[in-house]
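J.: Would you mind keeping the following structure in view while I ask a few things?
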Amino acid sequence: MIDRPGQEAIPREGLLWMYERMSLIREFEERLKWLVETGVPAGPVHYCTGQEAVAVGVCAALEAGDWIASTHRGHGHCIAKGADVRRMMAELYGKSSGTNRGKGGSMHITDASLGMLGVNPIVGMGVTHAVGAGLSSKVRQSKQVAAAFFGDGASSQGAVHEAMNLAAIWKLPVVFVCENNGYADATPVEYAVAVNNIADRAAAYNMPGLSVDGQDVLAVWSAADAAVRHARAGEGPSLVECKTYRYYGHHQGDDPHRYRTVEEENAARERDCIQRLRRWATTKKLISADELDAIETKNRALLDDAVRFAEQSPLPDPSELLTDVYVAEP
Amino acid sequence: MPAVTYLEAIRQGLWEEMERDPAVFCMGEDIGVYGGAFKVTEGLIHHFGPERVIDTPIAEGALVDAAFGAALTGLRPVVEFQFIDFIGCAFNQITNMLAKSHYRWGAPAPIVLRGPCGGGVRGGPFHSQNPEMYFVHTPGMKVVAPGTAYDAKGLIKSAIRDNNPVLFLEHKFLYRRIKEELPADDYVVPLGKARAAREGRDVSVITYAAMLHVALAAAETLAKEGIELEVVDLRTLQPLDREAISNTVKKTNKVIVLHEDTRTAGIAGEITAVINEDAFDWLAAPVVRIASLDTPVPFSPPLEEFFLPKVADVVRAARRLKSY
């Protein structure tokens, strides 16, 4: 990590929050992976392990009333925006106490009260929702900002380009956050994308585009903060590309070694976002190792509690199948 | 001959048609070295090369439109959807471009759109759907839904040889759960022809895809009580085999239509109308519909269990019809 202008603006509490959220996402997914591999049928799961800095760096730049649109790889986005890991875990267990009452599963986990515009596993479609929210903000002059997370794979989806053009022509308060983890399922970004940096595509929509190290949470925060300020000031959308890496395959059970090497994975782990923040903050004597250890201990306890909550919650009654299809009459 | 799975039968069909006709090629997401999400195209790229087994970015709309352009210029594309739920991204391209090009300016669109459909595998709302009726309702489209390995291979080959756009629905619950020995020779199963999967005299069940196996299991149970179920496997949904539907009505006079797609505006309604038009006088009881309930496909096991039609539903309905 390198020092950069504006970084000193992050208060100590901010750094602690970033560490706490990244560590919680990591703990949530490592725990979930262990549960799935020991027999908990959590359905199709896409881990974001390794990518925590993107979700946390962006959400650190947002205010509570701002929105995010998420993806099939959305657990990190939910936690960064403040979702309750107990209800998230219960959703993965298919329980009524889950965020979506057991009707969605991993790829749909959403808490709308936190400003989540949904988690959308049809690749790229969430981007259009963020643009709609940006339009709403502009019409209502509410100064809210919408951030849309999408992957390098989604950057090829026509709807994403249509959305960017609309946001640009209408100068909407939207931040397009591309989580470029190098692979769309198994397809390398070098194969599927014609430009070296997806951020370069911003030029086509006449908006700022910046490509940053997605394994450096302060770099992500710095770029997102500038983009959010730009949006909130009525200057229109920006595209922030975060170059990151997912440690595991596309989904639980995928064998990533059909399309990438162990050496490449090891090199990525050398740049682990959580360890880098730890090294940087302790070397600068901003935060002690003991404080960071205490955060991790607390997060492990939160996950113990979340798993207990999920296990003890009841499965839905079949009658719940028929509810929520339509909005209830007042 | 070793028995082959439903999945392997489709793979063999693709392979043989690509050998037979150099105009046939495959395109889709991760279908090359990765072999596709479910491995239906495993190994094709090594034999036919990346020019005929083409990986695409995630852009279903653009993908279908590119296939359309290739078909207009002499090729016969086979497009894979990773999950058939994502076909909505290309709805405009399919229903407006592919299905209407021959009517509008005489240009055939010999394209096969194939992908995994169906529930029972805990896929949740966007990885379990059965979207057949959007396309059964679209003039110009053909829609195929095999329920056995034999039919899967014979029908994919017919679909590729057909000069119309064909939606080929592969039920993912069946991919690796059923297998059978297949003929060694080059056989096809014609589109638009149903088949009697089991002969019986008391009650007919008209069905297709994974529900075929629910009907056959119910028939076993009912046989022990002396109720003989006739099971008709439609195999193709558009065009419907109206003759086969009439024939079974005339034989048993009592009909259940069973499908995994949701109930309202599912194909059971259409088949009931066909029976009214073609064989009403032969009915001895109202036609019974058994289908998934009118909700999105839920993720949680007890909810999905409740949502899907079950053997017990068929058994109960057949007993009631028998004594009607």
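Just remember, in the structure tokens the first chain shown is A, the second B, etc., residues are 1-based per chain, and ligands are 1-based in the order shown.
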Determine which residues of chain A sit within 9 Å of chain B, taking into account only C-alpha atoms, and present them as a PyMOL selection string.

T.: chain A and resi 41-44+91-96+101-108+121-124+153-159+184-187+191-193+258-259+315-325

J.: Leaving out range 251-264 of chain B and any residue of its chain fewer than 5 positions from it, which residues lie within 6 Å of it when counting only C-alpha atoms, given as a VMD selection string?

T.: chain B and resid 130 201 to 207 282 to 285 287 to 294

J.: Would you mind exporting N, CA, C and O atoms of the selected residues as a PDB file, in the first residue's frame?

T.:
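result_2.pdb, freshly written:
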```pdb
ATOM      1  N   ASN B 130     -39.236 -23.154 -15.997  1.00  0.00           N
ATOM      2  CA  ASN B 130     -39.683 -23.844 -17.203  1.00  0.00           C
ATOM      3  C   ASN B 130     -40.382 -22.817 -18.097  1.00  0.00           C
ATOM      4  O   ASN B 130     -41.577 -22.573 -17.945  1.00  0.00           O
ATOM      5  N   ARG B 201     -55.669 -48.732 -19.892  1.00  0.00           N
ATOM      6  CA  ARG B 201     -57.051 -48.598 -20.397  1.00  0.00           C
ATOM      7  C   ARG B 201     -57.905 -47.655 -19.558  1.00  0.00           C
ATOM      8  O   ARG B 201     -58.958 -47.229 -19.994  1.00  0.00           O
ATOM      9  N   ASP B 202     -57.472 -47.308 -18.322  1.00  0.00           N
ATOM     10  CA  ASP B 202     -58.386 -46.622 -17.404  1.00  0.00           C
ATOM     11  C   ASP B 202     -58.299 -45.099 -17.435  1.00  0.00           C
ATOM     12  O   ASP B 202     -59.326 -44.415 -17.536  1.00  0.00           O
ATOM     13  N   VAL B 203     -57.109 -44.573 -17.295  1.00  0.00           N
ATOM     14  CA  VAL B 203     -56.914 -43.115 -17.227  1.00  0.00           C
ATOM     15  C   VAL B 203     -55.650 -42.767 -18.008  1.00  0.00           C
ATOM     16  O   VAL B 203     -54.654 -43.479 -17.914  1.00  0.00           O
ATOM     17  N   SER B 204     -55.691 -41.656 -18.763  1.00  0.00           N
ATOM     18  CA  SER B 204     -54.501 -41.195 -19.493  1.00  0.00           C
ATOM     19  C   SER B 204     -53.809 -40.073 -18.735  1.00  0.00           C
ATOM     20  O   SER B 204     -54.485 -39.185 -18.197  1.00  0.00           O
ATOM     21  N   VAL B 205     -52.481 -40.115 -18.698  1.00  0.00           N
ATOM     22  CA  VAL B 205     -51.700 -38.970 -18.227  1.00  0.00           C
ATOM     23  C   VAL B 205     -50.910 -38.454 -19.418  1.00  0.00           C
ATOM     24  O   VAL B 205     -50.110 -39.187 -20.009  1.00  0.00           O
ATOM     25  N   ILE B 206     -51.152 -37.198 -19.775  1.00  0.00           N
ATOM     26  CA  ILE B 206     -50.414 -36.573 -20.879  1.00  0.00           C
ATOM     27  C   ILE B 206     -49.366 -35.673 -20.240  1.00  0.00           C
ATOM     28  O   ILE B 206     -49.694 -34.783 -19.442  1.00  0.00           O
ATOM     29  N   THR B 207     -48.089 -35.919 -20.558  1.00  0.00           N
ATOM     30  CA  THR B 207     -47.023 -35.212 -19.854  1.00  0.00           C
ATOM     31  C   THR B 207     -45.774 -35.133 -20.720  1.00  0.00           C
ATOM     32  O   THR B 207     -45.806 -35.508 -21.912  1.00  0.00           O
ATOM     33  N   TRP B 282     -65.885 -37.847 -26.450  1.00  0.00           N
ATOM     34  CA  TRP B 282     -65.289 -39.078 -25.907  1.00  0.00           C
ATOM     35  C   TRP B 282     -64.968 -38.950 -24.424  1.00  0.00           C
ATOM     36  O   TRP B 282     -64.552 -39.914 -23.787  1.00  0.00           O
ATOM     37  N   LEU B 283     -65.120 -37.762 -23.866  1.00  0.00           N
ATOM     38  CA  LEU B 283     -64.773 -37.565 -22.462  1.00  0.00           C
ATOM     39  C   LEU B 283     -65.859 -38.122 -21.547  1.00  0.00           C
ATOM     40  O   LEU B 283     -67.047 -37.890 -21.769  1.00  0.00           O
ATOM     41  N   ALA B 284     -65.408 -38.814 -20.486  1.00  0.00           N
ATOM     42  CA  ALA B 284     -66.348 -39.309 -19.473  1.00  0.00           C
ATOM     43  C   ALA B 284     -66.193 -38.560 -18.158  1.00  0.00           C
ATOM     44  O   ALA B 284     -66.924 -38.831 -17.199  1.00  0.00           O
ATOM     45  N   ALA B 285     -65.238 -37.627 -18.110  1.00  0.00           N
ATOM     46  CA  ALA B 285     -64.996 -36.840 -16.892  1.00  0.00           C
ATOM     47  C   ALA B 285     -64.254 -35.567 -17.290  1.00  0.00           C
ATOM     48  O   ALA B 285     -63.641 -35.519 -18.360  1.00  0.00           O
ATOM     49  N   VAL B 287     -61.346 -32.870 -17.666  1.00  0.00           N
ATOM     50  CA  VAL B 287     -59.884 -33.001 -17.724  1.00  0.00           C
ATOM     51  C   VAL B 287     -59.293 -32.425 -16.432  1.00  0.00           C
ATOM     52  O   VAL B 287     -59.713 -31.364 -15.966  1.00  0.00           O
ATOM     53  N   VAL B 288     -58.323 -33.148 -15.848  1.00  0.00           N
ATOM     54  CA  VAL B 288     -57.685 -32.708 -14.598  1.00  0.00           C
ATOM     55  C   VAL B 288     -56.298 -32.145 -14.905  1.00  0.00           C
ATOM     56  O   VAL B 288     -55.526 -32.746 -15.656  1.00  0.00           O
ATOM     57  N   ARG B 289     -56.001 -30.970 -14.330  1.00  0.00           N
ATOM     58  CA  ARG B 289     -54.655 -30.394 -14.467  1.00  0.00           C
ATOM     59  C   ARG B 289     -53.855 -30.647 -13.203  1.00  0.00           C
ATOM     60  O   ARG B 289     -54.336 -30.373 -12.106  1.00  0.00           O
ATOM     61  N   ILE B 290     -52.635 -31.149 -13.350  1.00  0.00           N
ATOM     62  CA  ILE B 290     -51.694 -31.214 -12.226  1.00  0.00           C
ATOM     63  C   ILE B 290     -50.434 -30.473 -12.675  1.00  0.00           C
ATOM     64  O   ILE B 290     -49.836 -30.821 -13.695  1.00  0.00           O
ATOM     65  N   ALA B 291     -50.074 -29.435 -11.917  1.00  0.00           N
ATOM     66  CA  ALA B 291     -48.947 -28.594 -12.332  1.00  0.00           C
ATOM     67  C   ALA B 291     -48.325 -27.966 -11.094  1.00  0.00           C
ATOM     68  O   ALA B 291     -48.861 -28.070  -9.993  1.00  0.00           O
ATOM     69  N   SER B 292     -47.193 -27.302 -11.279  1.00  0.00           N
ATOM     70  CA  SER B 292     -46.628 -26.533 -10.181  1.00  0.00           C
ATOM     71  C   SER B 292     -47.562 -25.381  -9.840  1.00  0.00           C
ATOM     72  O   SER B 292     -48.324 -24.924 -10.690  1.00  0.00           O
ATOM     73  N   LEU B 293     -47.474 -24.934  -8.592  1.00  0.00           N
ATOM     74  CA  LEU B 293     -48.368 -23.861  -8.154  1.00  0.00           C
ATOM     75  C   LEU B 293     -47.929 -22.532  -8.759  1.00  0.00           C
ATOM     76  O   LEU B 293     -46.799 -22.378  -9.215  1.00  0.00           O
ATOM     77  N   ASP B 294     -48.826 -21.568  -8.744  1.00  0.00           N
ATOM     78  CA  ASP B 294     -48.592 -20.292  -9.422  1.00  0.00           C
ATOM     79  C   ASP B 294     -47.731 -19.348  -8.593  1.00  0.00           C
ATOM     80  O   ASP B 294     -48.193 -18.290  -8.123  1.00  0.00           O
TER      81      ASP B 294
END
```

J.: Work out how far apart CA of Val189 in chain A and CA of Thr244 in chain A are and give it in Å to one decimal.

T.: 11.9 Å
